[in-house]
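Just below is one structure, and these are the notes that go with it.
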Amino acid sequence: MALMHEPTAPYHSAQDALRVLETVARHTTGVTDTQLARLTGLSPERLTTLLRMLRREGYVEQVTDGAYVTGEALTRLGSAGVDREQAVRERLQQTLDRLRDSVGAAVYISRYVDGEINITQYADSPATPAVHEWVDFRYSAHATAIGKSLLGQLDHNSRRDHLSRHKMARLTSRTITSDKLLLSRLESQPPTVPHLDLQEYAVGTVCAAVPITAGSSVGCLALSLPVEHAHRLRQAADRLNRGAAPVLLSLAI
């Protein structure tokens, strides 16, 4: 499987945050923001934004003299031992729950693994219900924001291979069933623009998805809203994209 994607802005933010974390971890007695800026080469403005995010996620803490040390969340992941995978899932779930509340929508993480779509984790609530999976998401990539985001990160031949294995069924009156039209739209979609599902998968639901991709992995972060909240979709998608860095960071640590 060949990939078409370039590292996204959230990926770059996560990489910068990892650099800050590694520097903090090396200074067990604490390191100031001035020292961090010098050691990481990041601008003070960029560093301030990253430190705010790292403190919110519990990866760093500020001690009485203003210096930064590793936080409880990072310590817990580092000492999880055989339970590390579970600790990472719990940390990621906390990040998703916070993002759900910030965006005001159910949020999902999905990966493209061995030629299939997998929703690995999600966060919903009574106020932000998850979409009802009335058709298996593995077989409906053509109709979902998640599917289009994941397929959009593959090369042309890999997209065609996927569509050859999964018939493009009409799920609603808005569903695209022409592989030529879908492939054309995927090829013309800028990587920084969220993929949308405007009642293509299910009547009454709209969705958006943004890539959370690095290296050879293909993944996306998505949200769903009832159609009566469709006016919030693009703003929510922008907020989702801005909130993707902590998710990537949880996956990377």
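The chains in the structure tokens are called A, B, ... from first to last as shown; in each chain the residues are counted from 1, and the ligands are counted from 1 in the order shown.
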**Q.** Non-local contacts of Arg98 in chain A (9 Å; only C-alpha atoms; under 5 positions in same chain excluded) as a PyMOL selection string
**A.** chain A and resi 93+103+123
Using C-alpha atoms, can you write the selected residues to a file as a PDB file, in the first residue's frame?
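And here is the file that came out, selection_15.pdb:
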ATOM      1  CA  GLN A  93      -9.784   8.100  26.046  1.00  0.00           C
ATOM      2  CA  VAL A 103     -16.033  20.328  19.998  1.00  0.00           C
ATOM      3  CA  ALA A 123     -16.084   9.343  22.842  1.00  0.00           C
TER       4      ALA A 123
END
Using only C-alpha atoms, what does the table of range 168-235 of chain A residues within 6 Å of range 110-121 of chain A look like, with each row giving the shortest atom pair and its distance in Å to one decimal, sorted by chain and ascending number, as a Markdown table?
| residue | atom | partner | partner_atom | distance |
| --- | --- | --- | --- | --- |
| A:Val218 | CA | A:Tyr112 | CA | 5.5 |
| A:Gly219 | CA | A:Arg111 | CA | 4.2 |
| A:Cys220 | CA | A:Ser110 | CA | 5.4 |
Selection to disk with C-alpha atoms, as a PDB file, in the first residue's frame:
ATOM      1  CA  VAL A 218      -2.979   6.071   7.978  1.00  0.00           C
ATOM      2  CA  GLY A 219      -5.496   7.398  10.459  1.00  0.00           C
ATOM      3  CA  CYS A 220      -8.088  10.085  11.012  1.00  0.00           C
TER       4      CYS A 220
END
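Within range 39-204 of chain A, the backbone-based DSSP assignment of strand (DSSP E or B) covers A:Val60, A:Glu61, A:Gln62, A:Tyr68, A:Val69, A:Thr70, A:Ala106, A:Val107, A:Tyr108, A:Ile109, A:Ser110, A:Arg111, A:Tyr112, A:Val113, A:Glu116, A:Ile117, A:Asn118, A:Ile119, A:Thr120, A:Gln121, A:Tyr122, A:Ala123, A:Leu154, A:His195, A:Leu196, A:Asp197, A:Leu198.
Counting only C-alpha atoms, Asp197 in chain A has the following residues at most 6 Å away, ignoring those fewer than 5 positions along the same chain: Thr144, Ala145, Val206 and Cys207 of chain A.
Interatomic distance, CA of Leu36 in chain A to CA of Thr192 in chain A: 29.5 Å.
If you look at CA of Arg159 in chain A and CA of Leu186 in chain A, they are 9.3 Å away from each other.
The space between CA of Val131 in chain A and CA of Ser188 in chain A spans 27.2 Å.
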Q: Could you tell me which of A:Val193, A:Ala130, A:Leu198, A:Val203 comes closest to Ala237 in chain A if we count only C-alpha atoms?
A: A:Val193
Q) When distances are computed from only C-alpha atoms, which of A:Thr28, A:Tyr201, A:Leu54, A:Ser173 shows the smallest separation from Trp134 in chain A? A) A:Tyr201
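Shortest separation to Thr64 in chain A among A:Arg84, A:Ser43, A:Arg38, A:Val31 occurs at residue A:Val31, atoms counted being only C-alpha atoms.
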Q: Enumerate, as an NGL selection string, the complete set of residues in range 124-194 of chain A that a backbone-based DSSP assignment places in helix (DSSP H, G or I).
A: :A and (137-139 or 141-143 or 145-152 or 156-165 or 179-188)
(Q) Quick one: residues within 9 Å of Leu18 in chain A, only C-alpha atoms, excluding same-chain residues fewer than 6 positions away - as a count of residues only? (A) 3
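When only C-alpha atoms are used to measure the gap to His132 in chain A, the shortest distance among A:Ser158, A:Thr40, A:Gln189, A:Ser224 belongs to A:Ser224.
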